[in-house]
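Engineer: To be precise about what I am sending: the file is called target.json and holds JSON, C-alpha atoms.
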[["chain", "number", "residue", "atom", "x", "y", "z"],
["A", 42, "ALA", "CA", 54.35, 216.40, 50.30],
["A", 43, "LEU", "CA", 53.70, 215.52, 46.66],
["A", 44, "ARG", "CA", 53.13, 219.19, 45.82],
["A", 45, "CYS", "CA", 56.00, 220.80, 47.73],
["A", 46, "ASN", "CA", 58.27, 220.98, 44.69],
["A", 47, "THR", "CA", 55.63, 222.88, 42.66],
["A", 48, "ASN", "CA", 55.71, 226.14, 44.67],
["A", 49, "ASP", "CA", 52.22, 225.11, 45.82],
["A", 50, "CYS", "CA", 53.23, 223.49, 49.12],
["A", 51, "PRO", "CA", 50.09, 223.47, 51.29],
["A", 52, "ALA", "CA", 52.22, 223.56, 54.45],
["A", 53, "GLY", "CA", 54.01, 226.72, 53.32],
["A", 54, "VAL", "CA", 57.46, 225.21, 53.87],
["A", 55, "ALA", "CA", 58.71, 224.87, 50.29],
["A", 56, "THR", "CA", 57.11, 227.85, 48.61],
["A", 57, "THR", "CA", 57.74, 231.49, 47.89],
["A", 58, "ASP", "CA", 54.02, 232.25, 47.62],
["A", 59, "PRO", "CA", 53.38, 234.74, 50.49],
["A", 60, "SER", "CA", 49.82, 233.53, 51.05],
["A", 61, "LEU", "CA", 51.02, 229.95, 51.55],
["A", 62, "VAL", "CA", 53.98, 230.99, 53.69],
["A", 63, "ALA", "CA", 51.52, 232.79, 55.96],
["A", 64, "GLY", "CA", 49.97, 229.42, 56.79],
["A", 65, "LEU", "CA", 53.24, 228.19, 58.27],
["A", 66, "VAL", "CA", 52.92, 228.79, 62.00],
["A", 67, "VAL", "CA", 56.12, 227.40, 63.45],
["A", 68, "THR", "CA", 54.82, 227.26, 67.02],
["A", 69, "GLN", "CA", 51.95, 225.00, 65.91],
["A", 70, "LYS", "CA", 53.96, 222.89, 63.47],
["A", 71, "LYS", "CA", 55.20, 220.36, 66.04],
["A", 72, "GLN", "CA", 51.68, 219.35, 67.04],
["A", 73, "ARG", "CA", 50.44, 219.37, 63.45],
["A", 74, "VAL", "CA", 53.27, 217.09, 62.33],
["A", 75, "ALA", "CA", 52.62, 214.76, 65.29],
["A", 76, "ASN", "CA", 48.92, 214.61, 64.39],
["A", 77, "TYR", "CA", 49.73, 213.91, 60.73],
["A", 78, "HIS", "CA", 52.14, 211.13, 61.67],
["A", 79, "SER", "CA", 49.66, 209.59, 64.11],
["A", 80, "GLU", "CA", 46.91, 209.55, 61.48],
["A", 81, "THR", "CA", 49.29, 208.08, 58.88],
["A", 82, "VAL", "CA", 50.26, 205.24, 61.24],
["A", 83, "SER", "CA", 46.60, 204.68, 62.15],
["A", 84, "SER", "CA", 45.60, 204.49, 58.46],
["A", 85, "PHE", "CA", 48.42, 202.04, 57.80],
["A", 86, "ALA", "CA", 47.27, 199.86, 60.71],
["A", 87, "HIS", "CA", 43.72, 199.88, 59.32],
["A", 88, "MET", "CA", 45.00, 198.80, 55.90],
["A", 89, "LEU", "CA", 47.03, 195.98, 57.47],
["A", 90, "GLY", "CA", 43.93, 194.83, 59.33],
["A", 91, "ALA", "CA", 41.88, 194.91, 56.13],
["A", 92, "MET", "CA", 44.48, 192.55, 54.61],
["A", 93, "GLY", "CA", 44.12, 190.21, 57.58],
["A", 94, "LEU", "CA", 47.57, 191.05, 58.93],
["A", 95, "THR", "CA", 48.53, 192.01, 62.46],
["A", 96, "HIS", "CA", 52.10, 193.30, 61.92],
["A", 97, "PRO", "CA", 53.98, 195.03, 59.07],
["A", 98, "ASN", "CA", 56.55, 192.21, 58.98],
["A", 99, "GLN", "CA", 53.76, 189.99, 57.61],
["A", 100, "LEU", "CA", 53.56, 192.05, 54.41],
["A", 101, "ARG", "CA", 54.60, 190.12, 51.32],
["A", 102, "PRO", "CA", 54.97, 191.21, 47.68],
["A", 103, "TRP", "CA", 51.54, 189.82, 46.78],
["A", 104, "HIS", "CA", 49.86, 192.11, 49.32],
["A", 105, "LEU", "CA", 50.85, 195.23, 47.36],
["A", 106, "MET", "CA", 49.49, 195.95, 43.91],
["A", 107, "MET", "CA", 50.83, 198.20, 41.16],
["A", 108, "ARG", "CA", 49.12, 199.49, 38.06],
["A", 109, "THR", "CA", 51.40, 198.50, 35.17],
["A", 110, "GLY", "CA", 49.18, 199.67, 32.33],
["A", 111, "PRO", "CA", 45.83, 201.33, 31.64],
["A", 112, "SER", "CA", 43.96, 198.10, 32.32],
["A", 113, "GLU", "CA", 46.58, 195.94, 34.02],
["A", 114, "ILE", "CA", 47.40, 195.46, 37.69],
["A", 115, "LYS", "CA", 50.09, 193.16, 39.08],
["A", 116, "HIS", "CA", 51.33, 192.43, 42.56],
["A", 117, "PHE", "CA", 54.90, 193.37, 43.43],
["A", 118, "GLY", "CA", 56.00, 189.73, 43.22],
["A", 119, "GLN", "CA", 55.12, 189.82, 39.52],
["A", 120, "VAL", "CA", 56.86, 193.16, 38.92],
["A", 121, "TYR", "CA", 60.07, 192.85, 40.97],
["A", 122, "TYR", "CA", 62.63, 190.11, 41.40],
["A", 123, "PHE", "CA", 63.36, 189.45, 45.06],
["A", 124, "LEU", "CA", 66.67, 188.06, 46.27],
["A", 125, "GLU", "CA", 67.06, 185.26, 48.76],
["A", 126, "ASP", "CA", 69.36, 185.64, 51.77],
["A", 127, "GLY", "CA", 72.97, 185.11, 50.70],
["A", 128, "ASP", "CA", 72.37, 185.40, 46.93],
["A", 129, "PHE", "CA", 75.03, 188.08, 46.43],
["A", 130, "LEU", "CA", 77.55, 186.25, 48.64],
["A", 131, "GLU", "CA", 77.06, 183.09, 46.59],
["A", 132, "GLY", "CA", 77.25, 184.95, 43.27],
["A", 133, "LYS", "CA", 73.60, 184.21, 42.46],
["A", 134, "MET", "CA", 72.24, 187.33, 40.86],
["A", 135, "ARG", "CA", 70.28, 188.31, 37.84],
["A", 136, "ASP", "CA", 71.96, 190.27, 35.06],
["A", 137, "GLU", "CA", 70.21, 193.52, 36.03],
["A", 138, "TYR", "CA", 72.07, 193.49, 39.38],
["A", 139, "LYS", "CA", 75.55, 192.69, 38.05],
["A", 140, "TRP", "CA", 76.44, 196.21, 36.92],
["A", 141, "SER", "CA", 75.57, 197.78, 40.29],
["A", 142, "TYR", "CA", 77.27, 194.95, 42.16],
["A", 143, "LYS", "CA", 80.52, 195.41, 40.20],
["A", 144, "LEU", "CA", 80.49, 199.16, 40.88],
["A", 145, "ALA", "CA", 79.82, 198.81, 44.61],
["A", 146, "SER", "CA", 82.55, 199.00, 47.22],
["A", 147, "SER", "CA", 82.50, 198.30, 50.93],
["A", 148, "ASP", "CA", 85.20, 200.96, 51.35],
["A", 149, "SER", "CA", 83.35, 203.90, 49.86],
["A", 150, "PHE", "CA", 79.95, 205.19, 48.77],
["A", 151, "GLU", "CA", 81.57, 206.35, 45.52],
["A", 152, "ALA", "CA", 81.03, 204.07, 42.55],
["A", 153, "ALA", "CA", 84.00, 202.58, 40.75],
["A", 154, "ALA", "CA", 84.96, 204.61, 37.70],
["A", 155, "THR", "CA", 84.19, 201.97, 35.06],
["A", 156, "VAL", "CA", 83.29, 198.37, 34.54],
["A", 157, "SER", "CA", 84.07, 196.77, 31.21],
["A", 158, "GLN", "CA", 81.57, 194.75, 29.21],
["A", 159, "GLU", "CA", 83.70, 191.65, 29.89],
["A", 160, "GLU", "CA", 83.56, 192.26, 33.66],
["A", 161, "MET", "CA", 79.79, 192.61, 33.38],
["A", 162, "ARG", "CA", 79.49, 189.13, 31.89],
["A", 163, "GLN", "CA", 81.56, 187.50, 34.66]]
With the file now loaded, output its structure as structure tokens.

Structural biologist:
Amino acid sequence: ALRCNTNDCPAGVATTDPSLVAGLVVTQKKQRVANYHSETVSSFAHMLGAMGLTHPNQLRPWHLMMRTGPSEIKHFGQVYYFLEDGDFLEGKMRDEYKWSYKLASSDSFEAAATVSQEEMRQ
């Protein structure tokens, strides 16, 4: 999937290369996709087990690591700010969320046209 936008899609779906397109056998695709999905889920379950977890809902930010520099690794809790339940409703939000919050609307997926600098500070 990471190569499909390069015209080098190994599945032959997102390419114009005739030799790769030839590998796309539609009648076999359903079973191949099912096998791929099954193996992905199995690998995920093995990783959870290696972390000492029994269910995905036990995952926490400190279980997942991210390389943040050539010689630096941090867990997601160190990289991202996580909100508590009700933070937006109570007006508790960090500055980086205020712009998006002001543009959001429960009536539409379209963003509001503009938000002034003054509105951002409120």

Engineer: Tell me, in Å to one decimal, how far CA of Glu137 (chain A) is from CA of Glu113 (chain A).

Structural biologist: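 Interatomic distance, CA of Glu137 (chain A) to CA of Glu113 (chain A): 23.8 Å.
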
Engineer: Please, what distance in Å, to one decimal, runs between CA of Ser84 (chain A) and CA of Arg44 (chain A)?

Structural biologist: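 Atom-to-atom, CA of Ser84 (chain A) and CA of Arg44 (chain A) are spaced 20.8 Å apart.
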
Engineer: Please measure the separation of CA of Met134 (chain A) and CA of Gly118 (chain A), giving the value in Å to one decimal.

Structural biologist: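 Separation of CA of Met134 (chain A) and CA of Gly118 (chain A): 16.6 Å.
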
Engineer: Within 12 Å of Ala86 (chain A), counting only C-alpha atoms, which residues show up once you throw out same-chain ones fewer than 5 positions away? Write them as a PyMOL selection string, please.

Structural biologist: chain A and resi 79-81+91-97+100

Engineer: Those same residues - C-alpha atoms - I'd like them written as a PDB file, keeping the file's coordinate frame.

Structural biologist:
ATOM      1  CA  SER A  79      49.660 209.590  64.110  1.00  0.00           C
ATOM      2  CA  GLU A  80      46.910 209.550  61.480  1.00  0.00           C
ATOM      3  CA  THR A  81      49.290 208.080  58.880  1.00  0.00           C
ATOM      4  CA  ALA A  91      41.880 194.910  56.130  1.00  0.00           C
ATOM      5  CA  MET A  92      44.480 192.550  54.610  1.00  0.00           C
ATOM      6  CA  GLY A  93      44.120 190.210  57.580  1.00  0.00           C
ATOM      7  CA  LEU A  94      47.570 191.050  58.930  1.00  0.00           C
ATOM      8  CA  THR A  95      48.530 192.010  62.460  1.00  0.00           C
ATOM      9  CA  HIS A  96      52.100 193.300  61.920  1.00  0.00           C
ATOM     10  CA  PRO A  97      53.980 195.030  59.070  1.00  0.00           C
ATOM     11  CA  LEU A 100      53.560 192.050  54.410  1.00  0.00           C
TER      12      LEU A 100
END

Engineer: Give me, as a PyMOL selection string, all polymer residues having an atom no more than 12 Å from region 126-130 of chain A, counting all atoms listed in the file and skipping those fewer than 4 positions away in the same chain.

Structural biologist: chain A and resi 134-136+138-139+141-143+145

Engineer: Output requested as an mmCIF file, in the coordinates of the input - region 101-129 of chain A, filled out with N, CA and C atoms.

Structural biologist:
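Saved to result19.cif:
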data_model
loop_
_atom_site.group_PDB
_atom_site.id
_atom_site.type_symbol
_atom_site.label_atom_id
_atom_site.label_comp_id
_atom_site.auth_asym_id
_atom_site.auth_seq_id
_atom_site.Cartn_x
_atom_site.Cartn_y
_atom_site.Cartn_z
ATOM 1 N N ARG A 101 53.871 190.833 52.360
ATOM 2 C CA ARG A 101 54.600 190.120 51.320
ATOM 3 C C ARG A 101 54.326 190.805 49.987
ATOM 4 N N PRO A 102 55.134 190.530 48.973
ATOM 5 C CA PRO A 102 54.970 191.210 47.680
ATOM 6 C C PRO A 102 53.563 191.085 47.103
ATOM 7 N N TRP A 103 52.884 189.999 47.352
ATOM 8 C CA TRP A 103 51.540 189.820 46.780
ATOM 9 C C TRP A 103 50.471 190.616 47.512
ATOM 10 N N HIS A 104 50.821 191.247 48.626
ATOM 11 C CA HIS A 104 49.860 192.110 49.320
ATOM 12 C C HIS A 104 49.775 193.504 48.691
ATOM 13 N N LEU A 105 50.785 193.881 47.930
ATOM 14 C CA LEU A 105 50.850 195.230 47.360
ATOM 15 C C LEU A 105 50.694 195.158 45.846
ATOM 16 N N MET A 106 49.791 195.964 45.333
ATOM 17 C CA MET A 106 49.490 195.950 43.910
ATOM 18 C C MET A 106 50.031 197.205 43.236
ATOM 19 N N MET A 107 50.312 197.073 41.945
ATOM 20 C CA MET A 107 50.830 198.200 41.160
ATOM 21 C C MET A 107 50.147 198.204 39.802
ATOM 22 N N ARG A 108 49.687 199.371 39.402
ATOM 23 C CA ARG A 108 49.120 199.490 38.060
ATOM 24 C C ARG A 108 50.284 199.530 37.078
ATOM 25 N N THR A 109 50.307 198.593 36.141
ATOM 26 C CA THR A 109 51.400 198.500 35.170
ATOM 27 C C THR A 109 50.963 198.916 33.778
ATOM 28 N N GLY A 110 49.714 199.221 33.617
ATOM 29 C CA GLY A 110 49.180 199.670 32.330
ATOM 30 C C GLY A 110 47.772 200.203 32.542
ATOM 31 N N PRO A 111 47.169 200.738 31.500
ATOM 32 C CA PRO A 111 45.830 201.330 31.640
ATOM 33 C C PRO A 111 44.787 200.346 32.170
ATOM 34 N N SER A 112 44.945 199.076 31.858
ATOM 35 C CA SER A 112 43.960 198.100 32.320
ATOM 36 C C SER A 112 44.636 196.871 32.941
ATOM 37 N N GLU A 113 45.838 197.068 33.462
ATOM 38 C CA GLU A 113 46.580 195.940 34.020
ATOM 39 C C GLU A 113 47.100 196.263 35.408
ATOM 40 N N ILE A 114 46.903 195.334 36.332
ATOM 41 C CA ILE A 114 47.400 195.460 37.690
ATOM 42 C C ILE A 114 48.133 194.175 38.035
ATOM 43 N N LYS A 115 49.305 194.320 38.652
ATOM 44 C CA LYS A 115 50.090 193.160 39.080
ATOM 45 C C LYS A 115 50.514 193.369 40.524
ATOM 46 N N HIS A 116 50.763 192.273 41.223
ATOM 47 C CA HIS A 116 51.330 192.430 42.560
ATOM 48 C C HIS A 116 52.844 192.545 42.440
ATOM 49 N N PHE A 117 53.472 193.075 43.484
ATOM 50 C CA PHE A 117 54.900 193.370 43.430
ATOM 51 C C PHE A 117 55.738 192.128 43.132
ATOM 52 N N GLY A 118 55.279 190.956 43.517
ATOM 53 C CA GLY A 118 56.000 189.730 43.220
ATOM 54 C C GLY A 118 56.067 189.441 41.732
ATOM 55 N N GLN A 119 55.117 189.990 40.969
ATOM 56 C CA GLN A 119 55.120 189.820 39.520
ATOM 57 C C GLN A 119 55.937 190.911 38.828
ATOM 58 N N VAL A 120 56.176 192.013 39.525
ATOM 59 C CA VAL A 120 56.860 193.160 38.920
ATOM 60 C C VAL A 120 58.347 193.169 39.276
ATOM 61 N N TYR A 121 58.684 192.782 40.497
ATOM 62 C CA TYR A 121 60.070 192.850 40.970
ATOM 63 C C TYR A 121 60.624 191.471 41.251
ATOM 64 N N TYR A 122 61.916 191.333 41.058
ATOM 65 C CA TYR A 122 62.630 190.110 41.400
ATOM 66 C C TYR A 122 63.185 190.280 42.807
ATOM 67 N N PHE A 123 62.897 189.363 43.679
ATOM 68 C CA PHE A 123 63.360 189.450 45.060
ATOM 69 C C PHE A 123 64.484 188.446 45.281
ATOM 70 N N LEU A 124 65.504 188.892 45.980
ATOM 71 C CA LEU A 124 66.670 188.060 46.270
ATOM 72 C C LEU A 124 66.424 187.227 47.524
ATOM 73 N N GLU A 125 67.066 186.093 47.563
ATOM 74 C CA GLU A 125 67.060 185.260 48.760
ATOM 75 C C GLU A 125 68.271 185.644 49.602
ATOM 76 N N ASP A 126 68.219 185.373 50.898
ATOM 77 C CA ASP A 126 69.360 185.640 51.770
ATOM 78 C C ASP A 126 70.603 184.939 51.222
ATOM 79 N N GLY A 127 71.702 185.679 51.129
ATOM 80 C CA GLY A 127 72.970 185.110 50.700
ATOM 81 C C GLY A 127 73.195 185.057 49.198
ATOM 82 N N ASP A 128 72.222 185.478 48.383
ATOM 83 C CA ASP A 128 72.370 185.400 46.930
ATOM 84 C C ASP A 128 73.621 186.119 46.427
ATOM 85 N N PHE A 129 73.857 187.332 46.895
ATOM 86 C CA PHE A 129 75.030 188.080 46.430
ATOM 87 C C PHE A 129 76.318 187.388 46.883
#
